[in-house]
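Working notes, structure below.
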Amino acid sequence: MVSRLINLFSSGSRITHLPYPVDFHSHLVPGIDDGVKTVDDSVGILSFFEQLGIKRCITTPHVMADTYPNTPDLINSGMAAVRAQLQPTARFEAAAEYYLDEKFVQMLDQPGSLLTFDDRYLLFETNFVSEPFNLNEIIFKMTVAGYRPVLAHPERYAYMTIQKAEDIRNRGVLLQLNLLSLIGFYGRPAETMARQLIDRNMIDAVGSDAHSMAQARLLVDVMQTRSFAKAMELPLLNYTLAVA
Ligand SMILES: [Fe+2]
């Protein structure tokens, strides 16, 4: 582990490669959320990801009852349209990023209605300002239903503290950092919280959360930071998910 850190910093040249093979947070199904608009956009980002070393991309369109009422059928058909334009070697799949709302809670009771990846990993996000009053109850529901909840970008929520993150993690939730937080893309508070979570070994996964090629390209800037190198030393889920 330590040797990997040294290698990342010893070459003196710009790092352009991600050391893990799987990205599982992005918005690459065209036209169904605030992510990419066209199939060409998706294909371009996916080929850039491949250059960075990503061998498998599980894209995660937003699902929000009010704004993006995306269904598994809609997501999967959009994903298939992109896949049809890819080289047969590229691995591109879809799950979703679920906003924690009433509809989501209802779907927890309906087997098969939620898109997950691998062994029932379920990516979710919450309101950015205030903690949902029933967060703990919903986490309990997710785990009892057999899901493995993954909280997207814990560093971005105004209500998040180290103590709160620790508590959520102790309840069985994996914490997924957005890499762009490390260069201040979402503002200073998110950047500070991101660093603190990494320093305390509380990050279980990282994601690009790419909505566009411009965001994807910023990953190269992220790779030059010391916090990125530290994060890469953690036992991230991105290393252990199957590639082939
Ligand atoms: Fe996202």
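Residues are named by chain letter and number: chains run A, B, ... in the order of the structure tokens, numbers start at 1 in each chain, and ligands are numbered from 1 in the order shown.
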
Go through the chains and note each residue within 12 Å of ligand 1, using only C-alpha atoms and all ligand atoms, then give the set as a short mmCIF file (atom, residue, chain, number, x, y, z; two decimals) with N, CA and C atoms, in the first residue's frame.
data_model
loop_
_atom_site.label_atom_id
_atom_site.label_comp_id
_atom_site.auth_asym_id
_atom_site.auth_seq_id
_atom_site.Cartn_x
_atom_site.Cartn_y
_atom_site.Cartn_z
N ASP A 23 -15.81 2.33 -12.09
CA ASP A 23 -16.48 3.56 -11.65
C ASP A 23 -17.97 3.26 -11.57
N PHE A 24 -18.60 3.59 -10.45
CA PHE A 24 -20.04 3.29 -10.35
C PHE A 24 -20.88 4.48 -9.92
N HIS A 25 -20.45 5.67 -10.32
CA HIS A 25 -21.31 6.84 -10.15
C HIS A 25 -21.06 7.82 -11.29
N SER A 26 -22.07 7.92 -12.19
CA SER A 26 -21.98 8.88 -13.29
C SER A 26 -23.37 9.05 -13.90
N HIS A 27 -23.47 10.01 -14.81
CA HIS A 27 -24.78 10.32 -15.41
C HIS A 27 -24.62 10.30 -16.93
N LEU A 28 -24.53 9.08 -17.46
CA LEU A 28 -24.17 8.90 -18.86
C LEU A 28 -25.27 8.26 -19.71
N ASP A 33 -31.60 12.89 -17.27
CA ASP A 33 -31.38 13.64 -16.02
C ASP A 33 -30.52 14.87 -16.35
N ASP A 34 -29.76 15.36 -15.41
CA ASP A 34 -28.94 16.54 -15.68
C ASP A 34 -27.55 16.17 -16.21
N GLY A 35 -27.42 14.93 -16.68
CA GLY A 35 -26.14 14.46 -17.21
C GLY A 35 -26.01 14.73 -18.70
N VAL A 36 -25.42 13.78 -19.41
CA VAL A 36 -25.14 13.98 -20.84
C VAL A 36 -26.43 14.11 -21.65
N ILE A 58 -20.44 1.57 -14.39
CA ILE A 58 -21.86 1.38 -14.04
C ILE A 58 -22.42 2.78 -13.88
N THR A 59 -23.21 3.21 -14.84
CA THR A 59 -23.72 4.58 -14.77
C THR A 59 -24.99 4.63 -13.92
N THR A 60 -25.24 5.80 -13.32
CA THR A 60 -26.29 5.87 -12.29
C THR A 60 -27.15 7.12 -12.46
N PRO A 61 -28.11 7.09 -13.42
CA PRO A 61 -28.99 8.25 -13.60
C PRO A 61 -29.76 8.57 -12.31
N HIS A 62 -30.08 9.86 -12.16
CA HIS A 62 -30.88 10.26 -11.00
C HIS A 62 -32.27 9.63 -11.07
N VAL A 63 -32.79 9.23 -9.93
CA VAL A 63 -34.21 8.89 -9.81
C VAL A 63 -34.74 9.73 -8.66
N MET A 64 -35.63 10.67 -9.01
CA MET A 64 -36.26 11.57 -8.02
C MET A 64 -37.71 11.70 -8.44
N ALA A 95 -27.19 1.34 -13.20
CA ALA A 95 -27.96 1.19 -11.96
C ALA A 95 -28.68 2.54 -11.81
N ALA A 96 -28.68 3.13 -10.64
CA ALA A 96 -29.33 4.44 -10.47
C ALA A 96 -28.81 5.10 -9.21
N GLU A 97 -29.01 6.42 -9.16
CA GLU A 97 -28.73 7.16 -7.93
C GLU A 97 -30.09 7.62 -7.39
N TYR A 98 -30.55 6.98 -6.34
CA TYR A 98 -31.89 7.25 -5.81
C TYR A 98 -31.88 8.38 -4.79
N TYR A 99 -32.76 9.33 -5.04
CA TYR A 99 -32.96 10.41 -4.07
C TYR A 99 -33.89 9.87 -3.00
N LEU A 123 -27.11 2.72 -4.58
CA LEU A 123 -26.58 4.08 -4.45
C LEU A 123 -27.72 5.06 -4.15
N PHE A 124 -27.56 5.86 -3.11
CA PHE A 124 -28.62 6.84 -2.79
C PHE A 124 -28.00 8.16 -2.37
N GLU A 125 -28.82 9.21 -2.48
CA GLU A 125 -28.42 10.54 -2.03
C GLU A 125 -29.58 11.14 -1.24
N THR A 126 -29.30 12.21 -0.51
CA THR A 126 -30.35 12.85 0.28
C THR A 126 -30.41 14.34 -0.06
N LEU A 151 -23.95 5.62 0.28
CA LEU A 151 -24.33 7.03 0.28
C LEU A 151 -23.41 7.80 -0.67
N ALA A 152 -24.03 8.43 -1.68
CA ALA A 152 -23.26 9.23 -2.64
C ALA A 152 -22.77 10.51 -1.97
N HIS A 153 -21.56 10.89 -2.29
CA HIS A 153 -20.93 12.15 -1.85
C HIS A 153 -21.31 12.67 -0.46
N PRO A 154 -20.96 11.93 0.59
CA PRO A 154 -21.29 12.39 1.96
C PRO A 154 -20.71 13.77 2.25
N ARG A 156 -20.71 16.35 0.55
CA ARG A 156 -21.43 17.49 -0.05
C ARG A 156 -22.64 17.95 0.76
N GLN A 176 -19.37 6.95 -0.32
CA GLN A 176 -18.73 7.13 -1.64
C GLN A 176 -18.38 8.60 -1.88
N LEU A 177 -17.11 8.87 -1.90
CA LEU A 177 -16.60 10.22 -2.13
C LEU A 177 -16.66 10.59 -3.63
N ASN A 178 -17.03 11.84 -3.92
CA ASN A 178 -16.89 12.33 -5.29
C ASN A 178 -15.47 12.86 -5.47
N LEU A 179 -14.75 12.34 -6.44
CA LEU A 179 -13.35 12.75 -6.59
C LEU A 179 -13.19 14.24 -6.84
N LEU A 180 -14.14 14.85 -7.55
CA LEU A 180 -14.01 16.27 -7.85
C LEU A 180 -14.09 17.15 -6.60
N VAL A 206 -14.99 5.56 -4.22
CA VAL A 206 -14.90 6.87 -4.87
C VAL A 206 -15.68 6.80 -6.19
N GLY A 207 -16.07 7.98 -6.67
CA GLY A 207 -16.80 8.02 -7.94
C GLY A 207 -16.50 9.27 -8.71
N SER A 208 -16.68 9.19 -10.04
CA SER A 208 -16.47 10.39 -10.88
C SER A 208 -17.68 11.31 -10.79
N ASP A 209 -18.87 10.74 -10.63
CA ASP A 209 -20.12 11.50 -10.71
C ASP A 209 -20.12 12.39 -11.96
N ALA A 210 -19.53 11.87 -13.04
CA ALA A 210 -19.40 12.67 -14.26
C ALA A 210 -20.76 12.93 -14.90
N HIS A 211 -21.01 14.22 -15.15
CA HIS A 211 -22.21 14.64 -15.87
C HIS A 211 -21.86 15.11 -17.27
N SER A 212 -20.58 15.33 -17.55
CA SER A 212 -20.15 15.90 -18.83
C SER A 212 -18.67 15.58 -19.05
N GLN A 215 -16.38 17.69 -16.81
CA GLN A 215 -16.19 17.14 -15.46
C GLN A 215 -15.25 15.94 -15.50
#

For region 135-148 of chain A, list every protein, DNA or RNA residue within 8 Å, evaluated using only C-alpha atoms, and leave out those in the same chain fewer than 2 positions away; present the list as a CSV table (one decimal) with all heavy atoms, in the first residue's frame.
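Everything below was put into around_19.csv:
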chain,number,residue,atom,x,y,z
A,105,VAL,N,-38.9,5.2,-0.6
A,105,VAL,CA,-39.3,4.3,0.6
A,105,VAL,C,-40.3,3.3,0.2
A,105,VAL,O,-40.2,2.1,0.6
A,105,VAL,CB,-39.7,5.2,1.7
A,105,VAL,CG1,-40.1,4.4,2.9
A,105,VAL,CG2,-38.6,6.2,2.2
A,108,LEU,N,-38.8,0.4,-1.7
A,108,LEU,CA,-38.0,-0.5,-0.9
A,108,LEU,C,-38.9,-1.8,-0.5
A,108,LEU,O,-38.3,-2.8,-0.3
A,108,LEU,CB,-37.6,0.2,0.4
A,108,LEU,CG,-36.3,1.1,0.3
A,108,LEU,CD1,-36.1,1.7,1.7
A,108,LEU,CD2,-35.1,0.3,-0.1
A,109,ASP,N,-40.2,-1.6,-0.5
A,109,ASP,CA,-41.1,-2.7,-0.2
A,109,ASP,C,-41.5,-3.5,-1.4
A,109,ASP,O,-42.3,-4.4,-1.3
A,109,ASP,CB,-42.3,-2.1,0.5
A,109,ASP,CG,-42.0,-1.6,1.9
A,109,ASP,OD1,-41.1,-2.1,2.6
A,109,ASP,OD2,-42.7,-0.6,2.3
A,119,ASP,N,-23.5,-7.2,-5.8
A,119,ASP,CA,-24.3,-7.9,-4.7
A,119,ASP,C,-25.2,-6.9,-4.0
A,119,ASP,O,-25.1,-6.6,-2.8
A,119,ASP,CB,-23.3,-8.5,-3.8
A,119,ASP,CG,-24.0,-9.5,-2.9
A,119,ASP,OD1,-25.2,-9.8,-3.1
A,119,ASP,OD2,-23.3,-10.0,-2.0
A,120,ARG,N,-26.2,-6.4,-4.7
A,120,ARG,CA,-27.3,-5.5,-4.2
A,120,ARG,C,-26.8,-4.2,-3.6
A,120,ARG,O,-27.3,-3.7,-2.6
A,120,ARG,CB,-28.2,-6.3,-3.2
A,120,ARG,CG,-28.8,-7.6,-3.8
A,120,ARG,CD,-29.9,-8.1,-3.0
A,120,ARG,NE,-31.1,-7.4,-3.3
A,120,ARG,CZ,-32.2,-7.5,-2.5
A,120,ARG,NH1,-32.2,-8.2,-1.4
A,120,ARG,NH2,-33.3,-6.8,-2.8
A,121,TYR,N,-25.7,-3.7,-4.2
A,121,TYR,CA,-25.3,-2.3,-3.8
A,121,TYR,C,-26.3,-1.3,-4.3
A,121,TYR,O,-26.7,-1.4,-5.5
A,121,TYR,CB,-23.9,-2.0,-4.3
A,121,TYR,CG,-22.8,-2.8,-3.6
A,121,TYR,CD1,-22.2,-3.9,-4.3
A,121,TYR,CD2,-22.4,-2.5,-2.3
A,121,TYR,CE1,-21.2,-4.6,-3.6
A,121,TYR,CE2,-21.5,-3.2,-1.7
A,121,TYR,CZ,-20.8,-4.3,-2.4
A,121,TYR,OH,-19.9,-5.0,-1.7
A,122,LEU,N,-26.7,-0.4,-3.5
A,122,LEU,CA,-27.8,0.5,-3.8
A,122,LEU,C,-27.3,1.9,-3.5
A,122,LEU,O,-27.0,2.3,-2.4
A,122,LEU,CB,-29.0,0.2,-2.9
A,122,LEU,CG,-30.2,1.1,-3.0
A,122,LEU,CD1,-30.8,1.0,-4.4
A,122,LEU,CD2,-31.3,0.6,-2.0
A,131,GLU,N,-30.8,17.1,7.0
A,131,GLU,CA,-30.9,15.6,7.1
A,131,GLU,C,-32.3,15.2,7.1
A,131,GLU,O,-33.2,15.7,7.8
A,131,GLU,CB,-30.2,15.3,8.5
A,131,GLU,CG,-30.2,13.8,8.7
A,131,GLU,CD,-29.7,13.4,10.0
A,131,GLU,OE1,-29.0,14.2,10.7
A,131,GLU,OE2,-30.0,12.2,10.5
A,132,PRO,N,-32.6,14.2,6.3
A,132,PRO,CA,-34.0,13.6,6.4
A,132,PRO,C,-34.3,13.2,7.8
A,132,PRO,O,-33.5,12.5,8.4
A,132,PRO,CB,-34.0,12.4,5.4
A,132,PRO,CG,-32.8,12.7,4.6
A,132,PRO,CD,-31.8,13.4,5.4
A,133,PHE,N,-35.5,13.5,8.3
A,133,PHE,CA,-35.9,13.2,9.7
A,133,PHE,C,-35.9,11.7,9.9
A,133,PHE,O,-35.6,11.3,11.1
A,133,PHE,CB,-37.2,13.9,10.0
A,133,PHE,CG,-38.4,13.1,9.4
A,133,PHE,CD1,-39.1,12.2,10.1
A,133,PHE,CD2,-38.8,13.4,8.1
A,133,PHE,CE1,-40.2,11.5,9.6
A,133,PHE,CE2,-39.9,12.7,7.5
A,133,PHE,CZ,-40.5,11.7,8.3
A,150,VAL,N,-25.2,2.5,-0.3
A,150,VAL,CA,-24.0,3.3,-0.6
A,150,VAL,C,-24.4,4.8,-0.7
A,150,VAL,O,-25.2,5.2,-1.5
A,150,VAL,CB,-23.3,2.9,-1.9
A,150,VAL,CG1,-22.0,3.8,-2.2
A,150,VAL,CG2,-23.0,1.5,-2.0
A,168,ILE,N,-23.6,6.9,10.5
A,168,ILE,CA,-24.2,6.3,9.3
A,168,ILE,C,-23.5,5.1,8.8
A,168,ILE,O,-24.0,4.1,8.5
A,168,ILE,CB,-24.2,7.4,8.1
A,168,ILE,CG1,-25.3,8.5,8.4
A,168,ILE,CG2,-24.5,6.8,6.8
A,168,ILE,CD1,-25.2,9.7,7.5
A,171,ARG,N,-24.1,2.1,10.8
A,171,ARG,CA,-25.4,1.5,10.5
A,171,ARG,C,-25.3,0.6,9.2
A,171,ARG,O,-26.4,0.2,8.8
A,171,ARG,CB,-26.5,2.6,10.4
A,171,ARG,CG,-26.8,3.2,11.7
A,171,ARG,CD,-27.6,4.5,11.6
A,171,ARG,NE,-27.7,5.2,12.8
A,171,ARG,CZ,-28.6,5.0,13.8
A,171,ARG,NH1,-29.5,4.0,13.6
A,171,ARG,NH2,-28.6,5.7,14.9
A,172,GLY,N,-24.2,0.5,8.7
A,172,GLY,CA,-24.0,-0.4,7.5
A,172,GLY,C,-24.0,0.3,6.2
A,172,GLY,O,-24.2,-0.4,5.1
A,173,VAL,N,-23.8,1.6,6.2
A,173,VAL,CA,-23.8,2.3,4.9
A,173,VAL,C,-22.4,2.6,4.5
A,173,VAL,O,-21.5,3.0,5.3
A,173,VAL,CB,-24.5,3.7,5.1
A,173,VAL,CG1,-24.4,4.5,3.8
A,173,VAL,CG2,-26.0,3.5,5.4
A,174,LEU,N,-22.1,2.3,3.2
A,174,LEU,CA,-20.8,2.6,2.6
A,174,LEU,C,-20.8,4.1,2.2
A,174,LEU,O,-21.8,4.6,1.7
A,174,LEU,CB,-20.4,1.7,1.4
A,174,LEU,CG,-20.4,0.2,1.7
A,174,LEU,CD1,-20.1,-0.5,0.4
A,174,LEU,CD2,-19.4,-0.1,2.8

(request) Return as JSON, numbers by chain the full set of residues in region 26-183 of chain A whose backbone-based DSSP assignment is strand (DSSP E). (result) {"A": [56, 57, 58, 59, 62, 63, 91, 92, 93, 94, 97, 98, 99, 121, 122, 123, 124, 125, 148, 149, 150, 151, 152, 174, 175, 176, 177, 178]}

(request) Rank nothing, just name the residue among A:Val82, A:Ala216, A:Ala65, A:Ala229 nearest to Lys103 (chain A), using only C-alpha atoms. (result)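 Ranking A:Val82, A:Ala216, A:Ala65, A:Ala229 by distance to Lys103 (chain A), first place goes to A:Ala65.
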